[in-house]
Protein chains: 4
Amino acid sequence: MTDINSPHTSIARHTASAVYVRERDLVEELIGKVSFTQMMILQLLGRMPTPAETAVLDAVLVTIMEHGHTPSSIVTRLIYDSAPEALQSAVAAGLLGVAGTFVGTMEGCAKLIDEILADPGGIEAGATAVATRIRAARQPLPGFGHPFHKPDDPRSPRLMAVAEAAGVPGRHIAALKALSAAVDKAWGRHLTINATGAIAAVLGEIGMPQGVMRGIAVISRAAGLVGHIYEEQRIPTARHIWDAVGEAVPYRAEGK
Amino acid sequence: MTDINSPHTSIARHTASAVYVRERDLVEELIGKVSFTQMMILQLLGRMPTPAETAVLDAVLVTIMEHGHTPSSIVTRLIYDSAPEALQSAVAAGLLGVAGTFVGTMEGCAKLIDEILADPGGIEAGATAVATRIRAARQPLPGFGHPFHKPDDPRSPRLMAVAEAAGVPGRHIAALKALSAAVDKAWGRHLTINATGAIAAVLGEIGMPQGVMRGIAVISRAAGLVGHIYEEQRIPTARHIWDAVGEAVPYRAEGK
Amino acid sequence: MTDINSPHTSIARHTASAVYVRERDLVEELIGKVSFTQMMILQLLGRMPTPAETAVLDAVLVTIMEHGHTPSSIVTRLIYDSAPEALQSAVAAGLLGVAGTFVGTMEGCAKLIDEILADPGGIEAGATAVATRIRAARQPLPGFGHPFHKPDDPRSPRLMAVAEAAGVPGRHIAALKALSAAVDKAWGRHLTINATGAIAAVLGEIGMPQGVMRGIAVISRAAGLVGHIYEEQRIPTARHIWDAVGEAVPYRAEGK
Amino acid sequence: MTDINSPHTSIARHTASAVYVRERDLVEELIGKVSFTQMMILQLLGRMPTPAETAVLDAVLVTIMEHGHTPSSIVTRLIYDSAPEALQSAVAAGLLGVAGTFVGTMEGCAKLIDEILADPGGIEAGATAVATRIRAARQPLPGFGHPFHKPDDPRSPRLMAVAEAAGVPGRHIAALKALSAAVDKAWGRHLTINATGAIAAVLGEIGMPQGVMRGIAVISRAAGLVGHIYEEQRIPTARHIWDAVGEAVPYRAEGK
């Protein structure tokens, strides 16, 4: 009798004439029949997605892919210039920046949403409790606020509208909206729900586990960074970046 | 007057109320309207893809995503176990293996196809010249042969069939097929066109620049690796891998 | 008047005929005159080290460099096999495992030592308070315990003896020893001070900031991993590792 | 009978009470007795170094560690700001730039030196042949030339002098000097031997295998990058770098 918990993988296997991913025949059932986004959900969750799940994941991946100059894209361009023979290094280096500072807020907001949904007093009571507690502790509020999209991050309402139009249950979105109302009250002014907050809600709607939400950002940004590499191949900027940093961060002897 | 070659980026910009990628309004024109795969082509090539381009890129991304245990997936699982607080590190480490040994053949085969297409004597003459030269030099033939998919890699005909059904011009595929015939003759036995060979041909069909073909593999594998992380979270294997390596690669004093 | 806090660097500068690191002439004052370990302290702390500081840092770097098969060394070997053209990728991938699981305990133990040293009641009172609190909370105790070095990790007393012989002040070591005594009492059995615990203490003795202690492990392990690459070049193991993982972690359809 | 080539490792092993690296007892024979640099040679070459080997490797590691702003140090600072919880990511990202563009020349120059040393006509004939061939082919000359250290890179004569004073055999240095004379003649003007050229020669003198020379640069730069992280913790520059790049590389719609 096999121990169901002994180390194993259930993702893929192959024979001389076939490859199976999640027990689907890659050649007969998947290539040419499912989109990359559908395949991604099959890979992750072990089952074919519903149209709503695909629509929401596509919307999220489209939203995160590109932001212009970011630490990640600058890093990718610099490493590409130093290692043009190893394109994968440039992407990997950039992805190392998809971390606490920028996408940690997605996971933080997802946790708040889960807390609100678990509140026995209901969503509004839960939202008020969360907002009040964070405000009192003067802690940062993950998923809210944006340095230049003011008063509102335009991506957030769009993401939630796409999810609602696709027919998701709507509980995570409702929790986030309740939190937003409670936050505005607790702070005494309007804080926008930013894109990472909205993404936490809509990924929650399609059952994306919180532990891999950051992975969705990593996949999407990988595509964005390949775009920066292709542009860098045609319009090199790395040496200009290097020069600009030399001017912006000059040398000064310690204590001088 | 602006120097058209001075350092700049044409990928994305934003205002307080909008984000533009390739001059498309992210919120109004892209989120909820295009798939991740379409967005990827817009990001890379600066224009919306045709349905054929999207179909081919989806087929390629679906093909590459997952191969069961690979060096990349093993690496990702080990690093995830060592750094569960930094999921992006586990993906980045695995992606560093998407390199010369495994995907370098894609680029190598793409170069051979370009050489055949540029032959003034036509595709068949070009294919014969390439096959004969490589055979005579006893060099490796990128895009051909497979360690366990024998006699044929099932993914290759499927990828080319999907591309043809989508209505691509077909010249790169014709060149690869001509090369395959010439190779079988020069080698005196059948060598399969493997998946990296077929991918080189179909990505050539949709105008994907050879310099970023490896990037397509990187994006697709990123998604595959996130799947391995999610499985590792539920069925930990890293410590078993560590033990298995200890047994498979024992210590032995130098020269003993 | 210059704002002393405006962005700048005080590490290095150069002219056409000279390079200066921390205001020392690299060619005249450093190359051939200081060891790598001394140079490292100059780079970090901005001043030449005392002999005691050099002795302690050397001892720490020597201790951490090599552990036989570890997740990091396995990762480095696998990535090297996949990307032999990019040796730096293999090292970087392995270093991504120098993270929370294995060296996070060094920083955790350093924090406990700082807490004990700051206790107004003195070292013994501080140690008892820390041990009691962690035991009561049933939390893990960073810097203590080892899976196979029992009853004692032999590296720890040696590291502390080297530091004491070098003439460090000894307060961090005293705090760790006091903690060890309090821990044995609180747990009712002996827990070894492990190498990361001893390193936290001796690096504290030489004023190494806690925020870069992990960096010391990263530097040392980089050297260890280059050794694994050189061995892999002569005695390839990567394909055997791949096979061994396939057997140790077999495929099984989900739920079967 | 054991197959001497079957997969194994000869680097390290441990028992409950001891760790052995290259069959030396880590605690009894190494910690507190050898420097990090000596340990590195033991790890790599499997034997204790001579004083000359240690002196040369120290000189090389000291030379490479720090260069002020470089793509690697900029990358490390940006990733550290994005992922302060994962210091190792910042170092790893920076190390991915220790690649073809900047240190590939070290390996390229080492190959030229080997070619000269293998010339049956002797060093001068070999040097002339190499210089003439590369000049005629208008190829880049690895190990020669420097963008701002003109007319001479001050590090190169110093490195060779340190090696000679340490008592190395001197053949690699002689070959490089012969190449330098032949190059000046073939080019009709003076090209400096740069630091990577001199390093190739002196590492050759101590028998460092060409296949891991890049690894020496990786180790040394790891230490340099940890220094940049510690400075970044006290004098943050990442956000200034981001702003500076935005100005240096502005957005411009494609073709505008």
# chains A, B, ... in the order shown; residues from 1 in each chain; ligands from 1
$ select_by_dssp --residues "stretch 20-238 of chain A" --states "strand (DSSP E)" --output "list of chain:residue names"
A:Tyr20, A:Val21, A:Arg24, A:Asp25
$ residues_around --residues "B:Gly32" --least-positions-apart "4" --cutoff "9 Å" --atoms "only C-alpha atoms" --output "list in words"
Ala55, Val56, Asp58, Ala59, Val60, Val62, Arg158, Leu159, Ala161, Val162 and Ala163 of chain A; Val27 and Glu28 of chain B
$ write_last_selection --atoms "C-alpha atoms" --output "short mmCIF file (atom, residue, chain, number, x, y, z; two decimals), in the first residue's frame"
data_model
loop_
_atom_site.label_atom_id
_atom_site.label_comp_id
_atom_site.auth_asym_id
_atom_site.auth_seq_id
_atom_site.Cartn_x
_atom_site.Cartn_y
_atom_site.Cartn_z
CA ALA A 55 -10.41 35.64 -17.80
CA VAL A 56 -9.34 36.79 -14.36
CA ASP A 58 -5.35 36.88 -18.03
CA ALA A 59 -6.46 40.25 -16.68
CA VAL A 60 -4.02 40.00 -13.78
CA VAL A 62 -1.81 41.73 -18.43
CA ARG A 158 -11.06 47.73 -13.92
CA LEU A 159 -9.68 44.47 -12.52
CA ALA A 161 -15.08 44.86 -12.99
CA VAL A 162 -13.48 42.27 -15.28
CA ALA A 163 -13.72 39.66 -12.54
CA VAL B 27 -7.02 50.01 -18.47
CA GLU B 28 -9.27 50.91 -21.40
#
$ interface_residues --of "chain C" --to "chain A" --cutoff "12 Å" --atoms "only C-alpha atoms" --output "NGL selection string"
:C and (1-14 or 20-24 or 45-47 or 79 or 82-93 or 96 or 245-256)
$ write_last_selection --atoms "C-alpha atoms" --output "CSV table (one decimal), in the first residue's frame"
chain,number,residue,atom,x,y,z
C,1,MET,CA,27.4,73.5,1.8
C,2,THR,CA,27.0,69.8,1.0
C,3,ASP,CA,24.2,67.9,2.7
C,4,ILE,CA,26.0,65.0,4.3
C,5,ASN,CA,23.0,62.8,3.8
C,6,SER,CA,22.5,63.5,0.1
C,7,PRO,CA,23.0,60.4,-2.0
C,8,HIS,CA,26.7,59.5,-2.4
C,9,THR,CA,29.1,56.7,-2.1
C,10,SER,CA,32.3,56.7,0.0
C,11,ILE,CA,33.7,53.4,-1.2
C,12,ALA,CA,35.9,54.0,-4.2
C,13,ARG,CA,37.1,56.4,-6.9
C,14,HIS,CA,39.7,56.4,-9.6
C,20,TYR,CA,41.4,54.5,-4.4
C,21,VAL,CA,39.3,52.3,-2.1
C,22,ARG,CA,38.3,53.9,1.1
C,23,GLU,CA,40.9,56.6,0.3
C,24,ARG,CA,43.7,54.1,0.2
C,45,LEU,CA,33.9,49.2,7.7
C,46,GLY,CA,36.0,51.9,5.9
C,47,ARG,CA,39.1,51.4,8.1
C,79,ILE,CA,23.0,24.9,-13.1
C,82,SER,CA,22.9,23.4,-17.8
C,83,ALA,CA,24.9,26.6,-18.3
C,84,PRO,CA,28.6,25.7,-18.5
C,85,GLU,CA,29.1,28.9,-20.5
C,86,ALA,CA,28.0,31.0,-17.5
C,87,LEU,CA,29.9,29.9,-14.4
C,88,GLN,CA,28.6,32.9,-12.5
C,89,SER,CA,25.0,31.7,-12.9
C,90,ALA,CA,25.9,28.5,-11.1
C,91,VAL,CA,27.4,30.3,-8.2
C,92,ALA,CA,24.6,32.9,-8.1
C,93,ALA,CA,21.9,30.1,-8.1
C,96,LEU,CA,20.2,32.1,-3.4
C,245,VAL,CA,15.9,12.6,-8.0
C,246,GLY,CA,13.7,10.8,-10.6
C,247,GLU,CA,13.9,7.7,-8.4
C,248,ALA,CA,13.6,9.4,-5.1
C,249,VAL,CA,10.6,11.5,-6.1
C,250,PRO,CA,8.5,9.3,-8.4
C,251,TYR,CA,5.5,10.3,-10.4
C,252,ARG,CA,2.1,9.4,-9.1
C,253,ALA,CA,-1.2,10.7,-10.4
C,254,GLU,CA,-2.8,13.1,-8.0
C,255,GLY,CA,-4.7,11.4,-5.3
C,256,LYS,CA,-3.4,7.9,-6.3
$ residues_around --residues "stretch 106-116 of chain A" --least-positions-apart "2" --cutoff "9 Å" --atoms "only C-alpha atoms" --output "PyMOL selection string"
chain A and resi 102-104+118-120+122-130+141-144+172-173+175-176+179+195-201+203-204+210-211+213-214
$ residues_around --residues "B:Pro49" --least-positions-apart "3" --cutoff "12 Å" --atoms "only C-alpha atoms" --output "ChimeraX atom specification"
/B:34-46,52-58,206-208
$ write_last_selection --atoms "N, CA and C atoms" --output "PDB file, in the first residue's frame"
ATOM      1  N   VAL B  34      -7.373  41.614 -23.845  1.00  0.00           N
ATOM      2  CA  VAL B  34      -6.376  40.789 -24.530  1.00  0.00           C
ATOM      3  C   VAL B  34      -5.885  39.704 -23.576  1.00  0.00           C
ATOM      4  N   SER B  35      -5.425  38.606 -24.147  1.00  0.00           N
ATOM      5  CA  SER B  35      -4.861  37.531 -23.323  1.00  0.00           C
ATOM      6  C   SER B  35      -3.422  37.885 -22.960  1.00  0.00           C
ATOM      7  N   PHE B  36      -2.874  37.142 -22.001  1.00  0.00           N
ATOM      8  CA  PHE B  36      -1.475  37.338 -21.600  1.00  0.00           C
ATOM      9  C   PHE B  36      -0.572  37.147 -22.817  1.00  0.00           C
ATOM     10  N   THR B  37      -0.879  36.166 -23.626  1.00  0.00           N
ATOM     11  CA  THR B  37      -0.047  35.879 -24.786  1.00  0.00           C
ATOM     12  C   THR B  37      -0.101  37.030 -25.799  1.00  0.00           C
ATOM     13  N   GLN B  38      -1.264  37.587 -26.003  1.00  0.00           N
ATOM     14  CA  GLN B  38      -1.370  38.752 -26.901  1.00  0.00           C
ATOM     15  C   GLN B  38      -0.593  39.934 -26.345  1.00  0.00           C
ATOM     16  N   MET B  39      -0.718  40.128 -25.035  1.00  0.00           N
ATOM     17  CA  MET B  39      -0.025  41.235 -24.381  1.00  0.00           C
ATOM     18  C   MET B  39       1.491  41.091 -24.532  1.00  0.00           C
ATOM     19  N   MET B  40       1.945  39.848 -24.457  1.00  0.00           N
ATOM     20  CA  MET B  40       3.373  39.557 -24.580  1.00  0.00           C
ATOM     21  C   MET B  40       3.889  39.981 -25.965  1.00  0.00           C
ATOM     22  N   ILE B  41       3.111  39.711 -26.986  1.00  0.00           N
ATOM     23  CA  ILE B  41       3.534  40.086 -28.342  1.00  0.00           C
ATOM     24  C   ILE B  41       3.487  41.612 -28.497  1.00  0.00           C
ATOM     25  N   LEU B  42       2.460  42.233 -27.936  1.00  0.00           N
ATOM     26  CA  LEU B  42       2.408  43.700 -27.967  1.00  0.00           C
ATOM     27  C   LEU B  42       3.642  44.288 -27.284  1.00  0.00           C
ATOM     28  N   GLN B  43       3.967  43.750 -26.124  1.00  0.00           N
ATOM     29  CA  GLN B  43       5.136  44.224 -25.375  1.00  0.00           C
ATOM     30  C   GLN B  43       6.417  44.071 -26.193  1.00  0.00           C
ATOM     31  N   LEU B  44       6.574  42.926 -26.818  1.00  0.00           N
ATOM     32  CA  LEU B  44       7.802  42.626 -27.549  1.00  0.00           C
ATOM     33  C   LEU B  44       7.875  43.378 -28.874  1.00  0.00           C
ATOM     34  N   LEU B  45       6.818  43.239 -29.664  1.00  0.00           N
ATOM     35  CA  LEU B  45       6.903  43.701 -31.053  1.00  0.00           C
ATOM     36  C   LEU B  45       6.287  45.077 -31.264  1.00  0.00           C
ATOM     37  N   GLY B  46       5.611  45.602 -30.240  1.00  0.00           N
ATOM     38  CA  GLY B  46       5.092  46.957 -30.356  1.00  0.00           C
ATOM     39  C   GLY B  46       3.824  47.072 -31.172  1.00  0.00           C
ATOM     40  N   ALA B  52      -3.043  34.332 -35.953  1.00  0.00           N
ATOM     41  CA  ALA B  52      -2.059  33.264 -36.213  1.00  0.00           C
ATOM     42  C   ALA B  52      -0.858  33.399 -35.274  1.00  0.00           C
ATOM     43  N   GLU B  53      -0.402  34.631 -35.072  1.00  0.00           N
ATOM     44  CA  GLU B  53       0.741  34.838 -34.177  1.00  0.00           C
ATOM     45  C   GLU B  53       0.409  34.399 -32.753  1.00  0.00           C
ATOM     46  N   THR B  54      -0.784  34.761 -32.305  1.00  0.00           N
ATOM     47  CA  THR B  54      -1.179  34.373 -30.954  1.00  0.00           C
ATOM     48  C   THR B  54      -1.285  32.854 -30.838  1.00  0.00           C
ATOM     49  N   ALA B  55      -1.873  32.222 -31.843  1.00  0.00           N
ATOM     50  CA  ALA B  55      -2.042  30.762 -31.798  1.00  0.00           C
ATOM     51  C   ALA B  55      -0.686  30.063 -31.720  1.00  0.00           C
ATOM     52  N   VAL B  56       0.264  30.538 -32.516  1.00  0.00           N
ATOM     53  CA  VAL B  56       1.579  29.898 -32.529  1.00  0.00           C
ATOM     54  C   VAL B  56       2.308  30.132 -31.211  1.00  0.00           C
ATOM     55  N   LEU B  57       2.276  31.367 -30.709  1.00  0.00           N
ATOM     56  CA  LEU B  57       2.988  31.627 -29.457  1.00  0.00           C
ATOM     57  C   LEU B  57       2.355  30.847 -28.306  1.00  0.00           C
ATOM     58  N   ASP B  58       1.027  30.784 -28.279  1.00  0.00           N
ATOM     59  CA  ASP B  58       0.374  29.964 -27.244  1.00  0.00           C
ATOM     60  C   ASP B  58       0.835  28.513 -27.336  1.00  0.00           C
ATOM     61  N   ILE B 206       6.409  33.402 -37.088  1.00  0.00           N
ATOM     62  CA  ILE B 206       5.667  34.581 -36.602  1.00  0.00           C
ATOM     63  C   ILE B 206       6.605  35.770 -36.371  1.00  0.00           C
ATOM     64  N   GLY B 207       7.809  35.669 -36.898  1.00  0.00           N
ATOM     65  CA  GLY B 207       8.692  36.832 -36.840  1.00  0.00           C
ATOM     66  C   GLY B 207       9.298  37.107 -35.489  1.00  0.00           C
ATOM     67  N   MET B 208       9.325  36.082 -34.642  1.00  0.00           N
ATOM     68  CA  MET B 208       9.957  36.299 -33.331  1.00  0.00           C
ATOM     69  C   MET B 208      11.469  36.394 -33.542  1.00  0.00           C
TER      70      MET B 208
END
$ select_by_dssp --residues "stretch 8-256 of chain B" --states "alpha helix (DSSP H)" --output "ChimeraX atom specification"
/B:36-45,51-64,71-82,87-95,100-117,123-136,155-166,171-187,195-205,210-234,238-248
$ write_last_selection --atoms "C-alpha atoms" --output "short mmCIF file (atom, residue, chain, number, x, y, z; two decimals), in the first residue's frame"
data_model
loop_
_atom_site.label_atom_id
_atom_site.label_comp_id
_atom_site.auth_asym_id
_atom_site.auth_seq_id
_atom_site.Cartn_x
_atom_site.Cartn_y
_atom_site.Cartn_z
CA PHE B 36 -1.48 37.34 -21.60
CA THR B 37 -0.05 35.88 -24.79
CA GLN B 38 -1.37 38.75 -26.90
CA MET B 39 -0.03 41.24 -24.38
CA MET B 40 3.37 39.56 -24.58
CA ILE B 41 3.53 40.09 -28.34
CA LEU B 42 2.41 43.70 -27.97
CA GLN B 43 5.14 44.22 -25.38
CA LEU B 44 7.80 42.63 -27.55
CA LEU B 45 6.90 43.70 -31.05
CA PRO B 51 -4.67 35.52 -34.56
CA ALA B 52 -2.06 33.26 -36.21
CA GLU B 53 0.74 34.84 -34.18
CA THR B 54 -1.18 34.37 -30.95
CA ALA B 55 -2.04 30.76 -31.80
CA VAL B 56 1.58 29.90 -32.53
CA LEU B 57 2.99 31.63 -29.46
CA ASP B 58 0.37 29.96 -27.24
CA ALA B 59 1.28 26.57 -28.71
CA VAL B 60 4.98 27.17 -28.06
CA LEU B 61 4.45 28.40 -24.50
CA VAL B 62 2.19 25.41 -23.75
CA THR B 63 4.79 23.02 -25.16
CA ILE B 64 7.75 24.27 -23.13
CA PRO B 71 17.56 20.44 -13.45
CA SER B 72 15.50 23.65 -13.30
CA SER B 73 12.63 22.15 -11.33
CA ILE B 74 15.00 20.37 -8.91
CA VAL B 75 16.89 23.63 -8.37
CA THR B 76 13.68 25.55 -7.78
CA ARG B 77 12.50 23.04 -5.17
CA LEU B 78 15.84 23.07 -3.31
CA ILE B 79 16.08 26.85 -3.23
CA TYR B 80 12.45 27.17 -2.19
CA ASP B 81 13.16 24.91 0.79
CA SER B 82 16.19 27.05 1.70
CA LEU B 87 9.67 32.57 -3.75
CA GLN B 88 11.13 34.70 -6.53
CA SER B 89 14.61 33.38 -5.69
CA ALA B 90 13.50 29.81 -6.30
CA VAL B 91 12.08 30.70 -9.72
CA ALA B 92 15.12 32.81 -10.65
CA ALA B 93 17.53 30.04 -9.66
CA GLY B 94 15.67 27.51 -11.79
CA LEU B 95 15.56 29.90 -14.75
CA GLY B 100 23.09 26.74 -23.48
CA THR B 101 22.74 23.04 -22.75
CA PHE B 102 18.96 22.81 -23.07
CA VAL B 103 17.69 25.79 -25.07
CA GLY B 104 20.84 26.83 -26.88
CA THR B 105 19.76 24.31 -29.53
CA MET B 106 16.69 26.41 -30.30
CA GLU B 107 18.85 29.35 -31.31
CA GLY B 108 21.31 27.09 -33.11
CA CYS B 109 18.52 25.55 -35.18
CA ALA B 110 17.05 28.98 -35.92
CA LYS B 111 20.41 30.01 -37.36
CA LEU B 112 20.51 26.95 -39.60
CA ILE B 113 16.98 27.72 -40.84
CA ASP B 114 17.98 31.31 -41.61
CA GLU B 115 21.01 30.04 -43.48
CA ILE B 116 18.86 27.68 -45.56
CA LEU B 117 16.33 30.43 -46.33
CA ILE B 123 15.68 25.57 -49.77
CA GLU B 124 16.69 22.06 -50.84
CA ALA B 125 20.17 23.07 -51.91
CA GLY B 126 20.55 25.06 -48.69
CA ALA B 127 19.39 22.16 -46.54
CA THR B 128 21.75 19.73 -48.24
CA ALA B 129 24.67 22.11 -47.83
CA VAL B 130 23.99 22.57 -44.12
CA ALA B 131 23.48 18.88 -43.40
CA THR B 132 26.54 17.85 -45.35
CA ARG B 133 28.76 20.44 -43.69
CA ILE B 134 27.73 19.60 -40.15
CA ARG B 135 27.95 15.85 -40.74
CA ALA B 136 31.41 16.20 -42.28
CA ARG B 155 5.62 17.53 -30.05
CA SER B 156 7.34 18.58 -33.25
CA PRO B 157 4.80 17.57 -35.92
CA ARG B 158 2.02 18.87 -33.70
CA LEU B 159 3.65 22.30 -33.34
CA MET B 160 4.18 22.60 -37.09
CA ALA B 161 0.62 21.43 -37.77
CA VAL B 162 -0.79 24.02 -35.38
CA ALA B 163 1.23 26.75 -37.09
CA GLU B 164 0.15 25.64 -40.55
CA ALA B 165 -3.50 25.43 -39.50
CA ALA B 166 -3.19 28.96 -38.11
CA ARG B 171 8.85 29.06 -45.20
CA HIS B 172 10.67 28.35 -41.94
CA ILE B 173 8.76 25.09 -41.53
CA ALA B 174 9.57 24.11 -45.11
CA ALA B 175 13.24 24.83 -44.49
CA LEU B 176 13.25 22.68 -41.34
CA LYS B 177 11.50 19.82 -43.14
CA ALA B 178 13.99 20.05 -46.01
CA LEU B 179 16.81 20.01 -43.46
CA SER B 180 15.29 16.93 -41.84
CA ALA B 181 15.24 15.07 -45.15
CA ALA B 182 18.81 16.10 -45.92
CA VAL B 183 19.92 15.08 -42.43
CA ASP B 184 18.44 11.60 -42.69
CA LYS B 185 20.28 11.16 -45.99
CA ALA B 186 23.62 12.56 -44.73
CA TRP B 187 23.49 10.54 -41.50
CA ALA B 195 10.79 20.21 -29.83
CA THR B 196 13.47 22.93 -29.80
CA GLY B 197 13.92 22.49 -33.55
CA ALA B 198 10.21 22.75 -34.25
CA ILE B 199 9.92 25.76 -31.94
CA ALA B 200 12.73 27.51 -33.80
CA ALA B 201 10.78 27.04 -37.03
CA VAL B 202 7.35 28.13 -35.80
CA LEU B 203 8.71 31.13 -33.87
CA GLY B 204 10.50 32.08 -37.09
CA GLU B 205 7.13 31.90 -38.86
CA GLN B 210 16.11 34.96 -32.81
CA GLY B 211 17.80 37.09 -30.13
CA VAL B 212 14.83 36.73 -27.78
CA MET B 213 13.67 33.19 -28.62
CA ARG B 214 15.37 31.99 -25.46
CA GLY B 215 13.27 34.52 -23.58
CA ILE B 216 10.11 32.72 -24.68
CA ALA B 217 11.41 29.57 -23.04
CA VAL B 218 12.28 31.54 -19.92
CA ILE B 219 8.74 32.94 -19.62
CA SER B 220 7.11 29.57 -20.15
CA ARG B 221 9.39 27.77 -17.73
CA ALA B 222 8.76 30.44 -15.09
CA ALA B 223 5.14 29.31 -15.09
CA GLY B 224 6.16 25.67 -14.90
CA LEU B 225 8.44 26.35 -11.95
CA VAL B 226 5.72 28.16 -9.99
CA GLY B 227 3.73 24.95 -10.36
CA HIS B 228 6.58 22.99 -8.81
CA ILE B 229 6.74 25.42 -5.91
CA TYR B 230 3.05 25.04 -5.21
CA GLU B 231 3.43 21.25 -5.21
CA GLU B 232 6.53 21.52 -2.99
CA GLN B 233 4.46 23.53 -0.50
CA ARG B 234 2.03 20.63 -0.18
CA ALA B 238 13.66 18.92 -1.02
CA ARG B 239 15.03 17.01 1.97
CA HIS B 240 14.49 13.71 0.13
CA ILE B 241 16.35 15.12 -2.86
CA TRP B 242 19.23 16.12 -0.60
CA ASP B 243 19.39 12.59 0.86
CA ALA B 244 19.17 10.97 -2.55
CA VAL B 245 22.09 13.04 -3.80
CA GLY B 246 24.14 12.04 -0.79
CA GLU B 247 23.67 8.40 -1.76
CA ALA B 248 24.10 8.85 -5.50
#
